[in-house]
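Source file: run04.csv; contents: CSV, C-alpha atoms.
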```csv
chain,number,residue,atom,x,y,z
A,418,MET,CA,0.0,0.0,0.0
A,419,ALA,CA,1.3,3.4,-1.0
A,420,VAL,CA,1.8,5.9,1.8
A,421,LYS,CA,-0.8,8.7,1.3
A,422,ILE,CA,0.9,12.1,1.5
A,423,LEU,CA,-0.7,15.5,2.1
A,424,LEU,CA,1.7,17.9,0.4
A,425,ASN,CA,1.7,21.5,1.6
A,426,GLY,CA,3.4,23.9,-0.8
A,427,ALA,CA,2.5,21.8,-3.8
A,428,LYS,CA,3.0,24.6,-6.4
A,429,GLY,CA,6.5,25.6,-5.3
A,430,ARG,CA,9.8,24.2,-6.8
A,431,MET,CA,10.1,21.5,-4.2
A,432,GLY,CA,6.4,20.7,-4.2
A,433,ARG,CA,6.5,20.0,-7.9
A,434,ALA,CA,9.7,17.9,-7.5
A,435,ILE,CA,8.1,15.9,-4.8
A,436,ALA,CA,5.0,15.3,-6.9
A,437,ASP,CA,7.2,14.1,-9.8
A,438,ALA,CA,9.1,11.7,-7.5
A,439,ALA,CA,6.2,10.2,-5.6
A,440,ALA,CA,5.3,7.5,-8.1
A,441,GLY,CA,8.7,5.7,-7.8
A,442,SER,CA,8.9,6.1,-4.0
A,443,GLY,CA,6.1,4.0,-2.7
A,444,CYS,CA,4.2,7.2,-1.8
A,445,GLU,CA,1.1,8.8,-3.3
A,446,ILE,CA,0.3,12.5,-3.2
A,447,PHE,CA,-3.2,12.1,-1.8
A,448,ALA,CA,-3.7,15.9,-1.5
A,449,ALA,CA,-1.8,18.8,-3.0
A,450,CYS,CA,-2.3,22.0,-1.1
A,451,ASP,CA,-1.0,25.5,-1.5
A,452,ALA,CA,-1.9,29.1,-0.5
A,453,GLY,CA,-5.6,29.5,-0.4
A,454,ASP,CA,-6.3,25.8,0.2
A,455,ASN,CA,-7.5,24.2,3.5
A,456,PRO,CA,-5.4,21.2,4.5
A,457,GLU,CA,-8.0,20.2,7.1
A,458,GLU,CA,-10.3,19.1,4.3
A,459,PHE,CA,-7.9,16.2,3.5
A,460,ILE,CA,-5.7,15.6,6.6
A,461,GLU,CA,-7.9,13.0,8.3
A,462,SER,CA,-7.5,10.5,5.4
A,463,CYS,CA,-3.7,10.9,4.8
A,464,ASP,CA,-0.9,8.9,6.4
A,465,ALA,CA,1.7,11.7,6.7
A,466,VAL,CA,2.1,15.4,5.9
A,467,VAL,CA,5.0,17.0,4.0
A,468,ASP,CA,5.5,20.7,4.3
A,469,PHE,CA,7.6,22.7,1.7
A,470,SER,CA,5.6,25.9,1.9
A,471,PHE,CA,6.5,29.2,3.6
A,472,ARG,CA,7.7,29.7,7.1
A,473,ASP,CA,4.6,31.5,8.3
A,474,ALA,CA,2.4,28.5,7.2
A,475,THR,CA,4.3,25.8,9.2
A,476,ALA,CA,3.1,26.5,12.7
A,477,PRO,CA,-0.7,26.4,11.8
A,478,LEU,CA,0.0,23.1,9.9
A,479,ALA,CA,1.9,21.7,12.9
A,480,ARG,CA,-1.1,22.4,15.1
A,481,LEU,CA,-3.4,20.8,12.5
A,482,CYS,CA,-1.2,17.7,12.4
A,483,ALA,CA,-1.2,17.5,16.2
A,484,LYS,CA,-5.0,17.7,16.3
A,485,TYR,CA,-5.3,14.8,13.9
A,486,LYS,CA,-2.2,12.9,15.1
A,487,LYS,CA,-0.5,12.9,11.7
A,488,PRO,CA,3.3,12.5,11.2
A,489,LEU,CA,4.9,15.7,9.8
A,490,VAL,CA,8.0,16.2,7.6
A,491,ILE,CA,9.1,19.8,7.5
A,492,GLY,CA,11.4,21.0,4.7
A,493,THR,CA,10.4,24.7,4.8
A,494,THR,CA,13.3,26.9,5.9
A,495,GLY,CA,13.8,30.5,7.2
A,496,HIS,CA,11.9,30.2,10.4
A,497,THR,CA,12.7,32.6,13.2
A,498,PRO,CA,13.8,31.2,16.6
A,499,GLU,CA,10.3,32.1,17.9
A,500,GLN,CA,8.6,30.4,15.0
A,501,ARG,CA,10.7,27.3,15.5
A,502,ALA,CA,9.9,27.2,19.2
A,503,GLU,CA,6.2,27.6,18.4
A,504,ILE,CA,6.3,24.7,15.9
A,505,LEU,CA,8.1,22.4,18.2
A,506,GLU,CA,5.6,23.1,21.0
A,507,SER,CA,2.7,22.5,18.7
A,508,ALA,CA,4.1,19.2,17.4
A,509,LYS,CA,5.0,17.7,20.8
A,510,GLY,CA,2.4,14.9,20.5
A,511,ILE,CA,3.3,13.6,17.0
A,512,PRO,CA,6.4,12.2,15.2
A,513,LEU,CA,8.2,15.0,13.3
A,514,VAL,CA,11.2,14.9,11.0
A,515,TRP,CA,12.7,18.4,10.6
A,516,ALA,CA,15.8,18.8,8.4
A,517,GLY,CA,17.3,21.7,6.5
A,518,ASN,CA,18.2,19.3,3.7
A,519,TYR,CA,16.8,15.9,2.7
A,520,SER,CA,19.4,14.6,0.3
A,521,LEU,CA,21.5,11.6,1.3
A,522,GLY,CA,24.7,13.3,0.2
A,523,VAL,CA,24.1,16.4,2.3
A,524,ASN,CA,23.3,14.3,5.4
A,525,LEU,CA,26.5,12.4,4.8
A,526,LEU,CA,28.3,15.7,4.6
A,527,ASN,CA,26.8,16.7,8.0
A,528,TYR,CA,28.2,13.4,9.4
A,529,LEU,CA,31.7,14.0,8.0
A,530,VAL,CA,31.7,17.6,9.2
A,531,LYS,CA,30.9,16.4,12.7
A,532,ILE,CA,33.9,14.1,12.6
A,533,ALA,CA,36.2,16.8,11.2
A,534,ALA,CA,35.1,19.4,13.7
A,535,LYS,CA,35.6,16.9,16.6
A,536,ILE,CA,39.1,16.0,15.4
A,537,LEU,CA,40.5,19.3,14.2
A,538,ASN,CA,41.0,21.9,16.9
A,539,ASP,CA,40.6,25.7,16.5
A,540,SER,CA,44.0,26.0,14.9
A,541,TYR,CA,41.9,25.1,11.9
A,542,ASP,CA,39.7,28.0,10.8
A,543,VAL,CA,36.2,27.1,9.7
A,544,GLU,CA,34.4,28.8,6.8
A,545,ILE,CA,31.0,27.6,5.5
A,546,VAL,CA,30.0,28.8,2.0
A,547,GLU,CA,26.6,28.1,0.4
A,548,MET,CA,25.2,29.1,-3.0
A,549,HIS,CA,21.6,29.0,-4.3
A,550,HIS,CA,19.5,30.3,-7.1
A,551,ARG,CA,18.7,34.0,-7.3
A,552,LEU,CA,15.1,33.5,-6.2
A,553,LYS,CA,15.8,31.9,-2.8
A,554,LYS,CA,14.4,34.2,-0.1
A,555,ASP,CA,16.2,33.2,3.1
A,556,ALA,CA,19.9,33.3,3.9
A,557,PRO,CA,21.9,31.5,5.0
A,558,SER,CA,20.3,28.2,3.8
A,559,GLY,CA,18.9,25.7,6.3
A,560,THR,CA,21.7,23.4,5.3
A,561,ALA,CA,24.3,26.0,6.1
A,562,GLU,CA,22.6,26.6,9.4
A,563,LYS,CA,22.7,22.9,10.2
A,564,LEU,CA,26.4,22.7,9.3
A,565,LYS,CA,27.1,25.8,11.5
A,566,GLN,CA,25.2,24.2,14.4
A,567,ILE,CA,27.3,21.0,14.0
A,568,VAL,CA,30.6,22.8,14.1
A,569,CYS,CA,29.5,24.9,17.1
A,570,GLN,CA,28.3,21.9,19.0
A,571,GLU,CA,31.5,19.8,18.4
A,572,ARG,CA,33.7,22.8,19.3
A,573,GLY,CA,31.6,23.7,22.4
A,574,VAL,CA,31.0,27.3,21.2
A,575,SER,CA,27.9,29.5,20.9
A,576,GLU,CA,26.5,31.7,18.2
A,577,GLU,CA,28.8,34.5,19.4
A,578,SER,CA,31.6,32.7,17.6
A,579,VAL,CA,29.8,33.0,14.2
A,580,CYS,CA,30.6,35.7,11.7
A,581,TYR,CA,28.1,36.2,8.9
A,582,GLY,CA,30.0,37.7,6.0
A,583,ARG,CA,32.7,40.4,6.3
A,584,LYS,CA,32.9,44.0,5.1
A,585,GLY,CA,35.3,46.9,5.7
A,586,LEU,CA,38.3,46.9,8.0
A,587,VAL,CA,37.3,44.0,10.2
A,588,GLY,CA,40.8,43.2,11.5
A,589,GLU,CA,42.5,39.9,11.8
A,590,ARG,CA,40.4,36.7,12.0
A,591,LYS,CA,39.7,35.8,15.6
A,592,THR,CA,40.8,32.3,16.8
A,593,GLY,CA,37.8,30.0,16.8
A,594,GLU,CA,35.7,32.2,14.6
A,595,ILE,CA,33.2,30.4,12.3
A,596,GLY,CA,32.5,32.2,9.0
A,597,VAL,CA,29.2,31.7,7.2
A,598,HIS,CA,28.6,33.1,3.7
A,599,ALA,CA,25.6,33.0,1.4
A,600,LEU,CA,26.0,33.4,-2.4
A,601,ARG,CA,23.0,33.9,-4.8
A,602,GLY,CA,22.8,33.6,-8.6
A,603,GLY,CA,21.5,31.9,-11.6
A,604,SER,CA,19.6,28.6,-11.2
A,605,VAL,CA,22.0,26.9,-8.7
A,606,VAL,CA,20.0,24.2,-6.9
A,607,GLY,CA,22.3,24.1,-3.9
A,608,ASP,CA,26.1,24.1,-3.2
A,609,HIS,CA,27.6,23.8,0.2
A,610,THR,CA,31.3,23.7,1.2
A,611,VAL,CA,32.9,23.6,4.7
A,612,MET,CA,36.5,24.5,4.8
A,613,PHE,CA,39.0,23.7,7.6
A,614,ALA,CA,42.0,25.8,7.0
A,615,SER,CA,45.3,25.8,9.0
A,616,ASP,CA,48.8,26.9,8.4
A,617,GLY,CA,50.0,24.6,5.6
A,618,GLU,CA,46.9,22.7,4.7
A,619,ARG,CA,43.1,23.0,4.0
A,620,LEU,CA,40.4,20.4,4.1
A,621,GLU,CA,37.3,21.0,2.1
A,622,LEU,CA,34.1,19.0,2.4
A,623,ALA,CA,31.6,19.8,-0.3
A,624,HIS,CA,28.3,18.8,-1.8
A,625,LYS,CA,26.7,20.1,-5.0
A,626,ALA,CA,23.2,19.4,-6.0
A,627,SER,CA,22.1,19.6,-9.7
A,628,ASP,CA,18.6,18.2,-9.4
A,629,ARG,CA,15.9,18.8,-6.8
A,630,ALA,CA,15.0,15.1,-7.1
A,631,VAL,CA,17.7,14.4,-4.5
A,632,PHE,CA,15.8,16.4,-1.9
A,633,SER,CA,12.3,15.2,-2.9
A,634,ASN,CA,13.3,11.5,-2.7
A,635,GLY,CA,14.7,12.1,0.7
A,636,ALA,CA,11.6,13.9,2.0
A,637,LEU,CA,9.4,11.1,0.7
A,638,ARG,CA,11.7,8.5,2.3
A,639,ALA,CA,11.4,10.4,5.6
A,640,ALA,CA,7.6,10.5,5.4
A,641,ALA,CA,7.3,6.8,4.8
A,642,TRP,CA,9.8,6.1,7.6
A,643,LEU,CA,7.9,8.3,10.0
A,644,VAL,CA,4.6,6.5,9.8
A,645,GLY,CA,4.1,4.5,12.9
A,646,LYS,CA,7.0,6.0,14.9
A,647,PRO,CA,6.5,7.3,18.4
A,648,ALA,CA,6.0,11.0,19.0
A,649,GLY,CA,9.2,13.0,19.0
A,650,LEU,CA,11.6,15.1,17.0
A,651,TYR,CA,13.7,13.2,14.4
A,652,GLY,CA,16.4,14.1,11.9
A,653,MET,CA,17.6,12.6,8.7
A,654,ASP,CA,20.4,10.9,10.6
A,655,ASP,CA,17.6,8.9,12.2
A,656,VAL,CA,15.9,8.1,8.9
A,657,LEU,CA,19.2,7.1,7.3
A,658,ASN,CA,20.4,5.3,10.5
A,659,PHE,CA,23.6,7.3,10.7
A,660,LYS,CA,23.4,7.2,14.5
```

Encoded form using structure tokens:
Amino acid sequence: MAVKILLNGAKGRMGRAIADAAAGSGCEIFAACDAGDNPEEFIESCDAVVDFSFRDATAPLARLCAKYKKPLVIGTTGHTPEQRAEILESAKGIPLVWAGNYSLGVNLLNYLVKIAAKILNDSYDVEIVEMHHRLKKDAPSGTAEKLKQIVCQERGVSEESVCYGRKGLVGERKTGEIGVHALRGGSVVGDHTVMFASDGERLELAHKASDRAVFSNGALRAAAWLVGKPAGLYGMDDVLNFK
């Protein structure tokens, strides 16, 4: 039996890619919703909900999923800390996968960056660079945010160590600083690079996506995996069993 998906944000780039990928994934787009539609008309009969809409739409959808006890996969990015806290509070009673990126390659990149950040001390300067198409509205990307969080966690530092871009006479780079930079242009689907640079050598871990199918396949895999799971917050490392 195909997993019946309620897709929110169906008319966006990722929504269309997910619809195209559903047939070969063991999933069925049972309901395709976008701005102006009412997901509550369909949610009771679906198996899981996938959200690739707009950040302001996620919290109401999470409350709806909690009301009907439906698993939720969130791929929407750009939420404020307050919105994220509201969504997590709303979704306490359901299984939830929330990831900044659903590709297998990017989640392996997360895993490798975690290892590198644990092994390489702050004599290795860290710079995170991402590039996306000119129409992307939020910056840095959710994937870059996740990479930044991994480095901060492994190095035991806070957001105070992060520098978002540089301009003017900023002085020498501080020891332990983590640089994050967002580039925009053309039709780039998504490029992410994490550099560990020391005196005499530089390690670069990179992922480049050329087709949104890598994200849509991962999101559908997450939705199918989530059905029947206990309530809680999961990541793609759980879905892919990296833990």

Within 9 Å of A:Leu552 using all atoms listed in the file, minus same-chain residues under 5 positions, as a compact mmCIF listing (two decimals) with C-alpha atoms, in the coordinates of the input:
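For reference, part-v2.txt as written:
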```
# COMPACT_ATOMS: atom_id res chain seq x y z
CA ARG A 601 23.00 33.90 -4.80
CA GLY A 602 22.80 33.60 -8.60
CA GLY A 603 21.50 31.90 -11.60
CA SER A 604 19.60 28.60 -11.20
```

Nearest to A:Gly495 among A:Lys646, A:Lys584, A:His609, A:Lys553, with distances taken over all atoms listed in the file: which residue is it?
A:Lys553

List the spatial neighbours of A:Ala561 as a PyMOL selection string - criterion: any atom at most 7 Å away, all atoms listed in the file, same-chain residues fewer than 3 positions off excluded.
chain A and resi 545+547+557-558+564-565

Here is a test: counting all atoms listed in the file, which residue of A:Gly617, A:Gly453, A:Gly607, A:Gly522 is nearest to A:Gly559?
A:Gly607

Nearest to A:Arg430, chosen from A:Ala465, A:Val606, A:Ile511, A:Ala614, with all atoms listed in the file counted in the distances:
A:Val606

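Those residues that approach A:Gly517 to within 7 Å, counting only C-alpha atoms, are Gly492, Thr494, Gly559, Thr560 and Lys563 of chain A; same-chain residues fewer than 4 positions away are not listed.
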
Give the answer as one residue: which of A:Val587, A:Ala508, A:Val611, A:Val530 has the shortest atom-to-atom distance to A:Glu544, using all atoms listed in the file?
A:Val611

Residue completion, stretch 563-577 of chain A, N, CA, C and O atoms, as a PDB file, in the coordinates of the input:
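out27.pdb written:
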```pdb
ATOM      1  N   LYS A 563      22.492  24.233   9.594  1.00  0.00           N
ATOM      2  CA  LYS A 563      22.700  22.900  10.200  1.00  0.00           C
ATOM      3  C   LYS A 563      24.235  22.665  10.337  1.00  0.00           C
ATOM      4  O   LYS A 563      24.732  22.205  11.386  1.00  0.00           O
ATOM      5  N   LEU A 564      24.986  22.941   9.284  1.00  0.00           N
ATOM      6  CA  LEU A 564      26.400  22.700   9.300  1.00  0.00           C
ATOM      7  C   LEU A 564      27.081  23.617  10.377  1.00  0.00           C
ATOM      8  O   LEU A 564      27.979  23.173  11.105  1.00  0.00           O
ATOM      9  N   LYS A 565      26.623  24.857  10.476  1.00  0.00           N
ATOM     10  CA  LYS A 565      27.100  25.800  11.500  1.00  0.00           C
ATOM     11  C   LYS A 565      26.843  25.202  12.899  1.00  0.00           C
ATOM     12  O   LYS A 565      27.719  25.208  13.779  1.00  0.00           O
ATOM     13  N   GLN A 566      25.622  24.707  13.119  1.00  0.00           N
ATOM     14  CA  GLN A 566      25.200  24.200  14.400  1.00  0.00           C
ATOM     15  C   GLN A 566      26.120  22.956  14.779  1.00  0.00           C
ATOM     16  O   GLN A 566      26.528  22.798  15.940  1.00  0.00           O
ATOM     17  N   ILE A 567      26.425  22.124  13.777  1.00  0.00           N
ATOM     18  CA  ILE A 567      27.300  21.000  14.000  1.00  0.00           C
ATOM     19  C   ILE A 567      28.661  21.381  14.485  1.00  0.00           C
ATOM     20  O   ILE A 567      29.205  20.861  15.472  1.00  0.00           O
ATOM     21  N   VAL A 568      29.252  22.348  13.779  1.00  0.00           N
ATOM     22  CA  VAL A 568      30.600  22.800  14.100  1.00  0.00           C
ATOM     23  C   VAL A 568      30.581  23.446  15.529  1.00  0.00           C
ATOM     24  O   VAL A 568      31.457  23.172  16.359  1.00  0.00           O
ATOM     25  N   CYS A 569      29.583  24.288  15.810  1.00  0.00           N
ATOM     26  CA  CYS A 569      29.500  24.900  17.100  1.00  0.00           C
ATOM     27  C   CYS A 569      29.363  23.886  18.233  1.00  0.00           C
ATOM     28  O   CYS A 569      30.032  23.986  19.282  1.00  0.00           O
ATOM     29  N   GLN A 570      28.534  22.889  18.001  1.00  0.00           N
ATOM     30  CA  GLN A 570      28.300  21.900  19.000  1.00  0.00           C
ATOM     31  C   GLN A 570      29.596  21.067  19.286  1.00  0.00           C
ATOM     32  O   GLN A 570      29.968  20.835  20.442  1.00  0.00           O
ATOM     33  N   GLU A 571      30.272  20.656  18.222  1.00  0.00           N
ATOM     34  CA  GLU A 571      31.500  19.800  18.400  1.00  0.00           C
ATOM     35  C   GLU A 571      32.628  20.639  19.000  1.00  0.00           C
ATOM     36  O   GLU A 571      33.466  20.076  19.701  1.00  0.00           O
ATOM     37  N   ARG A 572      32.637  21.940  18.787  1.00  0.00           N
ATOM     38  CA  ARG A 572      33.700  22.800  19.300  1.00  0.00           C
ATOM     39  C   ARG A 572      33.308  23.416  20.681  1.00  0.00           C
ATOM     40  O   ARG A 572      34.117  24.100  21.303  1.00  0.00           O
ATOM     41  N   GLY A 573      32.066  23.201  21.082  1.00  0.00           N
ATOM     42  CA  GLY A 573      31.600  23.700  22.400  1.00  0.00           C
ATOM     43  C   GLY A 573      31.543  25.237  22.415  1.00  0.00           C
ATOM     44  O   GLY A 573      31.853  25.846  23.445  1.00  0.00           O
ATOM     45  N   VAL A 574      31.120  25.853  21.305  1.00  0.00           N
ATOM     46  CA  VAL A 574      31.000  27.300  21.200  1.00  0.00           C
ATOM     47  C   VAL A 574      29.579  27.707  20.920  1.00  0.00           C
ATOM     48  O   VAL A 574      28.766  26.878  20.489  1.00  0.00           O
ATOM     49  N   SER A 575      29.285  28.995  21.106  1.00  0.00           N
ATOM     50  CA  SER A 575      27.900  29.500  20.900  1.00  0.00           C
ATOM     51  C   SER A 575      27.871  30.320  19.600  1.00  0.00           C
ATOM     52  O   SER A 575      28.866  30.490  18.885  1.00  0.00           O
ATOM     53  N   GLU A 576      26.691  30.872  19.337  1.00  0.00           N
ATOM     54  CA  GLU A 576      26.500  31.700  18.200  1.00  0.00           C
ATOM     55  C   GLU A 576      27.372  32.947  18.172  1.00  0.00           C
ATOM     56  O   GLU A 576      27.646  33.521  17.121  1.00  0.00           O
ATOM     57  N   GLU A 577      27.882  33.327  19.338  1.00  0.00           N
ATOM     58  CA  GLU A 577      28.800  34.500  19.400  1.00  0.00           C
ATOM     59  C   GLU A 577      30.062  34.294  18.633  1.00  0.00           C
ATOM     60  O   GLU A 577      30.738  35.266  18.287  1.00  0.00           O
TER      61      GLU A 577
END
```
